[in-house]
>>> print(open('my_file_36.cif').read())   # mmCIF, C-alpha atoms and all ligand atoms
data_my_file
loop_
_atom_site.label_atom_id
_atom_site.label_comp_id
_atom_site.auth_asym_id
_atom_site.auth_seq_id
_atom_site.Cartn_x
_atom_site.Cartn_y
_atom_site.Cartn_z
CA MET A 1 88.53 76.96 122.61
CA PRO A 2 92.04 76.68 124.04
CA LEU A 3 94.17 79.71 123.35
CA GLU A 4 96.68 78.00 121.10
CA LEU A 5 97.44 80.42 118.32
CA THR A 6 99.99 79.97 115.57
CA PRO A 7 102.56 82.72 115.86
CA ARG A 8 102.81 85.03 112.84
CA THR A 9 105.32 87.52 111.59
CA LEU A 10 103.43 90.80 111.42
CA MET A 11 104.44 92.94 108.45
CA GLY A 12 101.17 94.66 107.67
CA PRO A 13 99.75 98.07 108.60
CA GLY A 14 99.55 97.17 112.30
CA PRO A 15 99.68 95.66 114.77
CA SER A 16 103.40 95.08 114.39
CA ASP A 17 105.39 92.35 116.11
CA VAL A 18 105.54 92.99 119.83
CA HIS A 19 109.04 92.99 121.29
CA PRO A 20 109.66 90.06 123.69
CA ARG A 21 110.62 92.45 126.49
CA ILE A 22 107.24 94.14 126.10
CA LEU A 23 105.38 90.83 126.22
CA GLU A 24 107.24 90.00 129.40
CA ALA A 25 106.28 93.36 130.91
CA VAL A 26 102.55 92.78 130.25
CA GLY A 27 102.67 89.60 132.31
CA LYS A 28 103.91 91.28 135.49
CA GLN A 29 101.70 91.34 138.58
CA THR A 30 98.84 93.82 138.36
CA ILE A 31 98.89 96.51 141.05
CA GLY A 32 96.32 99.17 141.94
CA HIS A 33 96.15 102.13 139.59
CA LEU A 34 96.34 104.60 142.49
CA ASP A 35 99.24 102.76 144.16
CA PRO A 36 102.11 105.24 144.58
CA GLN A 37 104.30 102.88 142.53
CA PHE A 38 101.86 103.10 139.69
CA VAL A 39 101.59 106.87 139.96
CA GLU A 40 105.37 106.95 139.63
CA LEU A 41 105.14 104.77 136.53
CA MET A 42 102.58 107.12 134.97
CA GLU A 43 104.96 110.02 135.55
CA ALA A 44 107.79 108.06 133.93
CA ILE A 45 105.58 107.30 130.94
CA LYS A 46 104.71 110.99 130.56
CA SER A 47 108.33 111.96 130.59
CA LEU A 48 109.27 109.30 128.00
CA LEU A 49 106.35 110.39 125.82
CA LYS A 50 107.64 113.96 125.89
CA TYR A 51 110.99 112.63 124.74
CA THR A 52 109.47 110.66 121.86
CA PHE A 53 107.08 113.45 120.77
CA LYS A 54 109.94 115.97 121.14
CA THR A 55 107.82 118.26 123.22
CA LYS A 56 107.73 120.06 126.54
CA ASN A 57 103.91 120.00 126.58
CA GLU A 58 102.68 119.28 130.11
CA MET A 59 99.46 117.80 128.76
CA THR A 60 101.09 114.68 127.36
CA TYR A 61 99.54 111.36 128.37
CA THR A 62 98.01 108.17 127.07
CA VAL A 63 94.34 107.64 126.24
CA SER A 64 93.21 104.25 127.59
CA ALA A 65 91.96 103.07 124.21
CA PRO A 66 93.35 102.55 120.68
CA GLY A 67 94.58 105.17 118.21
CA SER A 68 91.05 105.93 117.06
CA ALA A 69 90.27 107.16 120.57
CA GLY A 70 93.32 109.44 120.45
CA MET A 71 91.87 110.88 117.26
CA GLU A 72 88.52 111.39 118.92
CA THR A 73 90.15 112.94 122.01
CA CYS A 74 91.77 115.65 119.89
CA PHE A 75 88.58 116.44 117.98
CA VAL A 76 86.02 116.40 120.80
CA ASN A 77 88.15 118.59 123.02
CA LEU A 78 89.27 121.19 120.48
CA VAL A 79 86.31 121.41 118.14
CA SER A 80 83.13 123.03 119.46
CA PRO A 81 79.83 122.96 117.58
CA GLY A 82 79.98 125.54 114.80
CA ASP A 83 83.82 125.69 114.65
CA LYS A 84 85.22 125.72 111.16
CA VAL A 85 87.83 123.02 110.57
CA LEU A 86 89.92 122.43 107.46
CA VAL A 87 90.05 118.66 107.01
CA CYS A 88 92.74 117.40 104.62
CA ILE A 89 91.88 114.03 103.14
CA ASN A 90 94.28 111.81 101.21
CA GLY A 91 93.18 108.40 102.46
CA VAL A 92 91.10 106.45 104.96
CA PHE A 93 92.18 108.21 108.12
CA GLY A 94 91.56 111.71 106.79
CA LYS A 95 88.00 110.58 106.07
CA ARG A 96 87.62 109.53 109.68
CA MET A 97 88.72 113.00 110.76
CA LEU A 98 85.87 114.42 108.70
CA GLU A 99 83.47 112.01 110.40
CA ASN A 100 84.69 113.29 113.78
CA VAL A 101 84.16 116.95 112.86
CA THR A 102 80.64 116.47 111.51
CA ARG A 103 79.49 114.36 114.46
CA ILE A 104 80.59 117.11 116.84
CA GLY A 105 78.61 119.65 114.81
CA GLY A 106 81.70 121.40 113.54
CA GLU A 107 81.71 122.91 110.09
CA ALA A 108 84.16 120.97 107.92
CA VAL A 109 85.92 122.50 104.94
CA VAL A 110 87.26 119.55 103.01
CA LEU A 111 90.47 119.61 101.02
CA GLU A 112 90.95 116.40 99.07
CA PHE A 113 94.10 114.99 97.49
CA PRO A 114 94.50 111.88 95.37
CA TRP A 115 95.07 108.65 97.31
CA GLY A 116 98.80 108.07 96.97
CA SER A 117 99.76 111.77 97.15
CA GLY A 118 100.60 113.95 100.12
CA VAL A 119 98.72 116.94 101.50
CA ASP A 120 99.96 119.92 99.50
CA PRO A 121 100.91 122.73 101.93
CA ARG A 122 100.34 125.37 99.23
CA LYS A 123 96.73 124.26 98.85
CA VAL A 124 96.31 124.47 102.62
CA GLU A 125 97.66 128.00 102.57
CA GLU A 126 95.35 129.05 99.72
CA GLU A 127 92.36 127.69 101.61
CA LEU A 128 93.26 129.45 104.85
CA LYS A 129 93.80 132.77 103.07
CA LYS A 130 90.46 132.38 101.33
CA ASP A 131 88.56 131.60 104.51
CA PRO A 132 89.85 133.32 107.67
CA ALA A 133 87.00 131.79 109.71
CA ILE A 134 88.86 128.45 109.71
CA LYS A 135 90.43 127.94 113.13
CA ILE A 136 91.76 124.39 112.98
CA VAL A 137 93.65 122.40 110.34
CA SER A 138 93.64 118.61 110.57
CA PHE A 139 95.71 116.17 108.57
CA VAL A 140 97.37 112.76 108.72
CA HIS A 141 101.17 112.77 108.87
CA GLY A 142 101.71 109.18 107.70
CA GLU A 143 98.61 107.93 105.83
CA THR A 144 98.62 104.19 106.47
CA SER A 145 96.09 103.43 103.76
CA THR A 146 98.46 104.64 101.03
CA GLY A 147 101.97 104.83 102.53
CA VAL A 148 102.24 108.59 102.03
CA LEU A 149 104.10 110.96 104.34
CA SER A 150 102.92 114.57 104.28
CA ASP A 151 105.08 117.55 105.22
CA ALA A 152 103.87 118.16 108.78
CA GLU A 153 106.50 120.84 109.36
CA ALA A 154 105.35 122.96 106.41
CA ILE A 155 101.64 122.52 107.19
CA GLY A 156 102.25 123.33 110.87
CA LYS A 157 104.05 126.52 109.92
CA ILE A 158 101.30 127.66 107.56
CA ALA A 159 98.63 126.93 110.15
CA ARG A 160 100.45 129.04 112.76
CA GLU A 161 100.97 131.92 110.33
CA ASN A 162 97.22 131.90 109.73
CA ASP A 163 96.32 131.70 113.38
CA CYS A 164 95.04 128.12 113.23
CA LEU A 165 95.60 125.15 115.49
CA THR A 166 96.64 121.79 114.04
CA ILE A 167 95.31 118.32 114.82
CA VAL A 168 97.79 115.77 113.54
CA ASP A 169 97.50 111.99 113.19
CA THR A 170 100.92 110.45 113.80
CA VAL A 171 99.72 106.92 114.51
CA THR A 172 101.97 105.41 111.85
CA SER A 173 104.68 108.07 111.66
CA PHE A 174 105.48 108.26 115.41
CA VAL A 175 109.02 107.04 116.24
CA GLY A 176 109.41 105.60 112.72
CA THR A 177 109.87 108.95 110.98
CA PRO A 178 111.17 112.34 112.17
CA LEU A 179 108.47 114.15 114.16
CA GLU A 180 109.16 117.31 116.17
CA VAL A 181 106.02 118.49 117.89
CA ASP A 182 107.46 121.67 119.45
CA LYS A 183 109.83 122.70 116.68
CA TRP A 184 107.13 122.27 114.04
CA GLY A 185 104.53 124.01 116.21
CA LEU A 186 101.94 121.21 116.14
CA ASP A 187 99.07 121.56 118.63
CA ALA A 188 97.13 118.34 119.18
CA VAL A 189 98.97 115.21 118.18
CA TYR A 190 97.92 111.60 118.71
CA THR A 191 99.47 108.23 118.02
CA GLY A 192 98.93 104.54 118.75
CA SER A 193 100.78 101.86 120.66
CA GLN A 194 100.62 99.12 118.05
CA LYS A 195 102.57 100.54 115.10
CA CYS A 196 106.19 101.71 115.37
CA LEU A 197 106.16 101.45 119.17
CA SER A 198 105.68 97.70 118.74
CA CYS A 199 103.62 97.67 121.87
CA ILE A 200 100.38 95.78 122.35
CA PRO A 201 97.35 97.45 120.70
CA GLY A 202 94.90 99.50 122.71
CA LEU A 203 96.63 102.69 123.83
CA SER A 204 96.86 106.10 122.28
CA PRO A 205 99.48 108.61 123.45
CA VAL A 206 98.48 112.24 122.87
CA THR A 207 100.00 115.67 123.45
CA PHE A 208 98.41 119.14 123.59
CA SER A 209 100.24 122.47 123.21
CA GLU A 210 99.60 125.49 125.43
CA ARG A 211 97.71 127.12 122.55
CA ALA A 212 95.47 124.10 122.26
CA LEU A 213 94.74 124.21 126.00
CA GLU A 214 93.90 127.92 125.74
CA LYS A 215 91.33 127.14 123.07
CA PHE A 216 90.02 124.34 125.24
CA ASP A 217 89.62 126.71 128.20
CA GLN A 218 87.52 129.06 126.08
CA ARG A 219 84.92 126.39 125.30
CA LYS A 220 81.34 127.45 125.93
CA THR A 221 79.84 123.96 125.68
CA PRO A 222 80.85 120.84 127.59
CA VAL A 223 82.88 118.21 125.73
CA GLN A 224 80.39 115.72 124.32
CA SER A 225 82.41 112.73 125.57
CA TRP A 226 82.65 112.32 129.32
CA PHE A 227 85.40 109.70 129.02
CA LEU A 228 87.67 111.76 126.77
CA ASP A 229 87.10 115.17 128.41
CA LEU A 230 90.49 116.81 129.07
CA SER A 231 89.24 118.75 132.08
CA LEU A 232 88.52 115.46 133.87
CA ILE A 233 91.55 113.57 132.53
CA LYS A 234 93.77 116.40 133.75
CA ASN A 235 93.14 115.36 137.35
CA TYR A 236 94.06 111.78 136.57
CA TRP A 237 97.14 112.16 134.42
CA GLY A 238 98.06 115.56 135.87
CA THR A 239 100.21 116.26 138.90
CA GLY A 240 101.07 113.28 141.05
CA GLU A 241 99.58 114.29 144.40
CA LYS A 242 96.14 115.51 143.42
CA ARG A 243 95.40 112.43 141.34
CA THR A 244 91.77 111.38 141.56
CA TYR A 245 89.95 108.40 140.18
CA HIS A 246 88.56 108.88 136.69
CA HIS A 247 88.67 105.38 135.23
CA THR A 248 90.82 102.36 136.00
CA ALA A 249 93.94 102.64 133.88
CA PRO A 250 94.77 99.52 131.86
CA VAL A 251 97.57 98.78 134.31
CA ASN A 252 99.32 95.96 132.47
CA SER A 253 99.03 97.70 129.13
CA LEU A 254 100.82 100.66 130.66
CA TYR A 255 103.61 98.35 131.83
CA ALA A 256 103.92 97.39 128.18
CA LEU A 257 103.90 100.98 126.99
CA TYR A 258 106.58 101.91 129.50
CA GLU A 259 108.82 99.08 128.29
CA SER A 260 108.28 100.03 124.65
CA LEU A 261 109.24 103.64 125.36
CA LEU A 262 112.30 102.50 127.29
CA LEU A 263 113.37 100.47 124.26
CA ILE A 264 113.16 103.60 122.09
CA LYS A 265 115.11 105.60 124.66
CA GLU A 266 117.80 102.91 124.78
CA GLU A 267 118.08 102.82 121.01
CA GLY A 268 117.90 106.59 120.76
CA LEU A 269 114.97 108.24 118.98
CA GLU A 270 117.04 109.47 116.04
CA ASN A 271 118.64 106.04 115.62
CA CYS A 272 115.18 104.53 115.60
CA TRP A 273 114.09 106.87 112.78
CA GLU A 274 117.24 105.94 110.89
CA ARG A 275 116.73 102.22 111.34
CA HIS A 276 113.25 102.50 109.86
CA PHE A 277 114.60 104.43 106.89
CA LYS A 278 117.51 102.07 106.20
CA ASN A 279 115.29 99.04 106.35
CA HIS A 280 112.90 100.69 103.94
CA LEU A 281 115.80 101.12 101.50
CA LYS A 282 116.73 97.48 101.88
CA LEU A 283 113.15 96.41 101.19
CA LYS A 284 112.96 98.71 98.19
CA GLU A 285 116.10 97.17 96.70
CA GLY A 286 114.67 93.68 97.10
CA LEU A 287 111.27 94.59 95.70
CA GLU A 288 112.86 96.16 92.66
CA LYS A 289 114.66 92.89 91.99
CA LEU A 290 111.24 91.22 91.94
CA ASN A 291 110.03 93.91 89.52
CA LEU A 292 107.53 95.23 92.04
CA GLU A 293 106.68 98.92 92.08
CA PHE A 294 105.73 101.39 94.77
CA LEU A 295 102.41 103.23 94.64
CA VAL A 296 103.89 106.44 96.00
CA ASP A 297 106.52 108.80 94.60
CA GLU A 298 109.90 108.28 96.21
CA LYS A 299 109.94 111.67 97.95
CA GLU A 300 106.59 111.12 99.69
CA ARG A 301 106.99 107.56 101.00
CA THR A 302 106.62 106.51 104.61
CA PRO A 303 109.53 104.15 105.25
CA GLN A 304 107.49 102.11 107.73
CA LEU A 305 104.52 101.47 105.44
CA ASN A 306 105.24 100.42 101.89
CA ALA A 307 102.37 100.37 99.41
CA ILE A 308 103.28 98.07 96.51
CA ARG A 309 101.34 97.77 93.26
CA VAL A 310 99.95 94.28 92.60
CA PRO A 311 101.35 93.20 89.21
CA GLU A 312 98.95 92.81 86.28
CA GLY A 313 97.20 89.42 86.29
CA VAL A 314 98.09 88.55 89.89
CA ASP A 315 95.32 87.72 92.38
CA GLU A 316 96.35 89.84 95.34
CA ALA A 317 94.20 88.04 97.95
CA LYS A 318 95.56 84.67 96.89
CA VAL A 319 99.17 85.80 97.35
CA ARG A 320 98.35 87.33 100.72
CA GLY A 321 96.54 84.14 101.73
CA ARG A 322 99.55 82.00 100.79
CA LEU A 323 101.89 84.21 102.79
CA LEU A 324 99.68 83.81 105.83
CA ASN A 325 98.82 80.13 105.52
CA GLU A 326 102.12 78.77 104.27
CA PHE A 327 104.61 81.12 105.85
CA ASN A 328 102.70 82.61 108.79
CA LEU A 329 103.50 86.02 107.43
CA GLU A 330 100.93 88.82 107.51
CA ILE A 331 100.90 91.74 105.11
CA GLY A 332 98.06 94.17 104.44
CA ALA A 333 95.61 94.62 101.58
CA GLY A 334 94.54 97.86 99.91
CA LEU A 335 91.56 99.79 101.27
CA GLY A 336 88.77 101.69 99.48
CA PRO A 337 89.72 102.65 95.92
CA LEU A 338 93.02 100.77 96.34
CA ALA A 339 91.42 97.43 97.28
CA GLY A 340 92.82 94.68 95.06
CA LYS A 341 95.43 97.07 93.67
CA ILE A 342 98.10 97.21 96.35
CA TRP A 343 99.73 95.32 99.17
CA ARG A 344 100.79 97.17 102.26
CA ILE A 345 104.07 96.01 103.78
CA GLY A 346 104.77 97.33 107.22
CA LEU A 347 108.28 97.73 108.60
CA MET A 348 107.23 99.05 111.95
CA GLY A 349 109.06 98.92 115.24
CA TYR A 350 110.28 95.45 116.13
CA SER A 351 109.06 94.21 112.73
CA SER A 352 111.54 96.55 111.04
CA ARG A 353 114.50 94.15 110.97
CA LYS A 354 116.85 92.91 108.27
CA ASP A 355 116.00 89.22 108.83
CA ASN A 356 112.30 90.02 108.47
CA ILE A 357 112.94 91.73 105.14
CA ASP A 358 114.91 88.77 103.79
CA PHE A 359 112.16 86.44 104.98
CA LEU A 360 109.42 88.52 103.36
CA LEU A 361 111.23 88.85 100.04
CA ASP A 362 111.85 85.12 99.96
CA CYS A 363 108.21 84.28 100.75
CA LEU A 364 106.91 86.80 98.26
CA LYS A 365 109.11 85.35 95.53
CA LYS A 366 107.75 81.89 96.23
CA ALA A 367 104.14 83.05 96.45
CA LEU A 368 104.34 84.96 93.18
C1 LIG B 1 96.06 102.51 112.76
C2 LIG B 1 95.75 103.93 112.54
C3 LIG B 1 94.76 104.60 113.28
C4 LIG B 1 93.84 103.90 114.24
O1 LIG B 1 94.49 103.26 115.27
P1 LIG B 1 93.73 102.07 116.04
O2 LIG B 1 94.71 101.67 117.09
O3 LIG B 1 93.46 101.03 115.01
O4 LIG B 1 92.48 102.61 116.59
C5 LIG B 1 94.57 105.94 113.05
N1 LIG B 1 95.31 106.61 112.15
C6 LIG B 1 96.27 106.02 111.42
C7 LIG B 1 97.06 106.80 110.45
C8 LIG B 1 96.51 104.65 111.59
O5 LIG B 1 97.45 104.04 110.87
#
>>> encode(input="my_file_36.cif", output="structure tokens", more="lines below")
Ligand SMILES: *Cc1c(COP(=O)(O)O)cnc(C)c1O
Amino acid sequence: MPLELTPRTLMGPGPSDVHPRILEAVGKQTIGHLDPQFVELMEAIKSLLKYTFKTKNEMTYTVSAPGSAGMETCFVNLVSPGDKVLVCINGVFGKRMLENVTRIGGEAVVLEFPWGSGVDPRKVEEELKKDPAIKIVSFVHGETSTGVLSDAEAIGKIARENDCLTIVDTVTSFVGTPLEVDKWGLDAVYTGSQKCLSCIPGLSPVTFSERALEKFDQRKTPVQSWFLDLSLIKNYWGTGEKRTYHHTAPVNSLYALYESLLLIKEEGLENCWERHFKNHLKLKEGLEKLNLEFLVDEKERTPQLNAIRVPEGVDEAKVRGRLLNEFNLEIGAGLGPLAGKIWRIGLMGYSSRKDNIDFLLDCLKKAL
């Protein structure tokens, strides 16, 4: 089969449209992953990641695999068998966190919230006061399955006050919504390349606080995953000179990541947050004109992922199919209990543009 694909406009839950400069970067000549030039590039990536995570954490790097591997990296390294972890679930990705904890042999305490609502920090606090044996709190900042943004700052503060570490999923929220790893005191934070970074899929930047590394150093059992083990990765992504072979970095993907981070730096991180928010407002205005409603309360919405209720009597898959087949426009469907009930419209990274919004509203009007 010849690789002749019809280009699409990607306005679903990810991947988002890749910026042309990033596509150009991927195509550059591959060099060796231990080449001094490449080592220099890895250092530059680390420094740009610190800028985008708003952290000084030394252990900030990119897992050579998609966002799900970033999730797994945080759990396998910080959770030892028998550790008690509070897992907040308000959608698909919280459920995956639970899966991670139980597979490791951790003891999960589950705190569930309705799909479409945020994680309530007061409930987290109640739970931690009730059970002082809990040592880690995990939650999703921007839940992509529902378009809900939880208050990571408040949850981070409560966790610290109760002597707990936090594991935070920022795959969708990262660079599209304010996120301050150091100021909010978050401990293990992971994201993905293919959402608001608008990079190619397959990479997962992560960052670990000093407190997280202290807990890691106290482990009594080896990390169950050889590939994701921080003690081995440290020598690969750590200081430039002592770098030793662990695995072959996805060289060209890292070119792409570097370019995507440079684009954020050029725009300015705060400006990037603001662009995502303003475009969300523009989309909201247009959707209201079409009498379409949001699933989530205004104060808990992620601007980059808009969950819209499918109107009564409308076949959601048919509309989505028409958008894809007639207009080459991709949006997302609902998952789990929300299947058939919502569409998910992503305004992530390079996809978050005024012309895209006009295009989408126009197509949606026609398809409805
Ligand atoms: C997309 C996503 C992931 C998984 O990322 P992949 O790159 O698909 O592995 C994890 N968490 C959230 C919140 C996501 O939106």
>>> closest_atom_pairs(input="my_file_36.cif", of="chain A", to="ligand LIG 1 (chain B)", cutoff="10 Å", atoms="only C-alpha atoms and all ligand atoms", output="tab-separated table")
residue	atom	partner	partner_atom	distance
A:Pro13	CA	B:LIG1	O5	6.8
A:Gly14	CA	B:LIG1	C1	6.4
A:Pro15	CA	B:LIG1	C1	8.0
A:Ala65	CA	B:LIG1	O4	7.7
A:Pro66	CA	B:LIG1	O2	3.9
A:Gly67	CA	B:LIG1	O1	3.5
A:Ser68	CA	B:LIG1	O4	3.6
A:Ala69	CA	B:LIG1	O4	6.4
A:Gly70	CA	B:LIG1	O4	7.9
A:Met71	CA	B:LIG1	C5	7.0
A:Glu72	CA	B:LIG1	O4	9.9
A:Gly91	CA	B:LIG1	C7	9.0
A:Val92	CA	B:LIG1	C7	8.1
A:Phe93	CA	B:LIG1	N1	5.3
A:Gly94	CA	B:LIG1	C7	8.2
A:Arg96	CA	B:LIG1	C5	8.5
A:Met97	CA	B:LIG1	N1	9.3
A:Phe139	CA	B:LIG1	C7	9.7
A:Val140	CA	B:LIG1	C7	6.2
A:His141	CA	B:LIG1	C7	7.4
A:Gly142	CA	B:LIG1	C7	5.9
A:Glu143	CA	B:LIG1	C7	5.0
A:Thr144	CA	B:LIG1	O5	4.6
A:Ser145	CA	B:LIG1	O5	7.3
A:Thr146	CA	B:LIG1	C7	9.8
A:Gly147	CA	B:LIG1	O5	9.5
A:Val168	CA	B:LIG1	C7	9.5
A:Asp169	CA	B:LIG1	C7	5.9
A:Thr170	CA	B:LIG1	C7	6.3
A:Val171	CA	B:LIG1	C6	4.7
A:Thr172	CA	B:LIG1	O5	4.8
A:Ser173	CA	B:LIG1	C7	7.8
A:Phe174	CA	B:LIG1	C7	9.9
A:Tyr190	CA	B:LIG1	N1	8.6
A:Thr191	CA	B:LIG1	C5	7.3
A:Gly192	CA	B:LIG1	O2	5.4
A:Ser193	CA	B:LIG1	O2	7.0
A:Gln194	CA	B:LIG1	O2	6.5
A:Lys195	CA	B:LIG1	C1	7.2
A:Ile200	CA	B:LIG1	O2	9.7
A:Pro201	CA	B:LIG1	O2	6.1
A:Gly202	CA	B:LIG1	O2	6.0
A:Leu203	CA	B:LIG1	O2	7.1
A:Ser204	CA	B:LIG1	O2	7.2
A:Leu305	CA	B:LIG1	O5	9.3
>>> closest_residue(input="my_file_36.cif", among="A:Val251, A:Val296, A:Ser64, A:Leu364", to="Arg320 in chain A", atoms="only C-alpha atoms")
A:Leu364
>>> closest_residue(input="my_file_36.cif", among="A:Asn306, A:Ser253, A:Trp237, A:Thr177", to="Phe277 in chain A", atoms="all atoms listed in the file")
A:Thr177
>>> residues_around(input="my_file_36.cif", residues="Ile357 in chain A", least_positions_apart="6", cutoff="9 Å", atoms="all atoms listed in the file", output="PyMOL selection string")
chain A and resi 279+282-283+286+347+351
>>> residues_near_point(input="my_file_36.cif", point="(103.9, 99.7, 124.6)", cutoff="7 Å", atoms="all atoms listed in the file", output="tab-separated table (two decimals) with C-alpha atoms, in the coordinates of the input")
chain	number	residue	atom	x	y	z
A	22	ILE	CA	107.24	94.14	126.10
A	193	SER	CA	100.78	101.86	120.66
A	197	LEU	CA	106.16	101.45	119.17
A	198	SER	CA	105.68	97.70	118.74
A	199	CYS	CA	103.62	97.67	121.87
A	200	ILE	CA	100.38	95.78	122.35
A	253	SER	CA	99.03	97.70	129.13
A	254	LEU	CA	100.82	100.66	130.66
A	256	ALA	CA	103.92	97.39	128.18
A	257	LEU	CA	103.90	100.98	126.99
A	258	TYR	CA	106.58	101.91	129.50
A	259	GLU	CA	108.82	99.08	128.29
A	260	SER	CA	108.28	100.03	124.65
A	261	LEU	CA	109.24	103.64	125.36
>>> residues_around(input="my_file_36.cif", residues="range 148-165 of chain A", least_positions_apart="4", cutoff="6 Å", atoms="all atoms listed in the file", output="list in words")
Gly118, Val119, Pro121, Lys135, Ile136, His141, Gly142, Glu143, Trp184, Gly185, Leu186, Asp187, Glu300, Arg301 and Thr302 of chain A
>>> axis_aligned_box(input="my_file_36.cif", around="range 269-287 of chain A", padding_each_side="8 Å", output="JSON")
{"center_x": 115.0, "center_y": 101.6, "center_z": 107.3, "size_x": 23.4, "size_y": 31.8, "size_z": 39.3}
>>> decode(input="my_file_36.cif", residues="range 23-38 of chain A", atoms="N, CA and C atoms", output="PDB file, in the first residue's frame")
ATOM      1  N   LEU A  23       7.119  18.987  11.769  1.00  0.00           N
ATOM      2  CA  LEU A  23       7.211  17.945  10.737  1.00  0.00           C
ATOM      3  C   LEU A  23       8.533  18.044   9.988  1.00  0.00           C
ATOM      4  N   GLU A  24       8.969  19.271   9.766  1.00  0.00           N
ATOM      5  CA  GLU A  24      10.236  19.473   9.075  1.00  0.00           C
ATOM      6  C   GLU A  24      11.393  18.956   9.938  1.00  0.00           C
ATOM      7  N   ALA A  25      11.293  19.206  11.232  1.00  0.00           N
ATOM      8  CA  ALA A  25      12.355  18.778  12.154  1.00  0.00           C
ATOM      9  C   ALA A  25      12.492  17.249  12.175  1.00  0.00           C
ATOM     10  N   VAL A  26      11.361  16.536  12.138  1.00  0.00           N
ATOM     11  CA  VAL A  26      11.414  15.065  12.177  1.00  0.00           C
ATOM     12  C   VAL A  26      12.220  14.514  11.009  1.00  0.00           C
ATOM     13  N   GLY A  27      12.153  15.200   9.877  1.00  0.00           N
ATOM     14  CA  GLY A  27      12.775  14.695   8.656  1.00  0.00           C
ATOM     15  C   GLY A  27      14.265  14.957   8.560  1.00  0.00           C
ATOM     16  N   LYS A  28      14.848  15.591   9.578  1.00  0.00           N
ATOM     17  CA  LYS A  28      16.294  15.870   9.503  1.00  0.00           C
ATOM     18  C   LYS A  28      17.099  14.577   9.665  1.00  0.00           C
ATOM     19  N   GLN A  29      18.306  14.624   9.174  1.00  0.00           N
ATOM     20  CA  GLN A  29      19.214  13.468   9.206  1.00  0.00           C
ATOM     21  C   GLN A  29      19.354  12.883  10.612  1.00  0.00           C
ATOM     22  N   THR A  30      19.197  11.581  10.710  1.00  0.00           N
ATOM     23  CA  THR A  30      19.377  10.912  12.004  1.00  0.00           C
ATOM     24  C   THR A  30      20.863  10.875  12.361  1.00  0.00           C
ATOM     25  N   ILE A  31      21.172  11.209  13.616  1.00  0.00           N
ATOM     26  CA  ILE A  31      22.564  11.061  14.078  1.00  0.00           C
ATOM     27  C   ILE A  31      22.572  10.075  15.252  1.00  0.00           C
ATOM     28  N   GLY A  32      23.749   9.698  15.692  1.00  0.00           N
ATOM     29  CA  GLY A  32      23.862   8.735  16.802  1.00  0.00           C
ATOM     30  C   GLY A  32      23.345   9.342  18.099  1.00  0.00           C
ATOM     31  N   HIS A  33      22.768   8.512  18.932  1.00  0.00           N
ATOM     32  CA  HIS A  33      22.166   9.057  20.161  1.00  0.00           C
ATOM     33  C   HIS A  33      23.205   9.357  21.240  1.00  0.00           C
ATOM     34  N   LEU A  34      24.464   8.930  21.015  1.00  0.00           N
ATOM     35  CA  LEU A  34      25.524   9.302  21.965  1.00  0.00           C
ATOM     36  C   LEU A  34      26.478  10.335  21.351  1.00  0.00           C
ATOM     37  N   ASP A  35      26.162  10.770  20.156  1.00  0.00           N
ATOM     38  CA  ASP A  35      26.909  11.855  19.493  1.00  0.00           C
ATOM     39  C   ASP A  35      26.846  13.090  20.398  1.00  0.00           C
ATOM     40  N   PRO A  36      27.998  13.749  20.604  1.00  0.00           N
ATOM     41  CA  PRO A  36      27.976  14.945  21.476  1.00  0.00           C
ATOM     42  C   PRO A  36      26.917  15.974  21.066  1.00  0.00           C
ATOM     43  N   GLN A  37      26.633  16.062  19.769  1.00  0.00           N
ATOM     44  CA  GLN A  37      25.593  17.007  19.331  1.00  0.00           C
ATOM     45  C   GLN A  37      24.226  16.599  19.884  1.00  0.00           C
ATOM     46  N   PHE A  38      24.037  15.292  19.927  1.00  0.00           N
ATOM     47  CA  PHE A  38      22.741  14.813  20.404  1.00  0.00           C
ATOM     48  C   PHE A  38      22.625  14.967  21.919  1.00  0.00           C
TER      49      PHE A  38
END
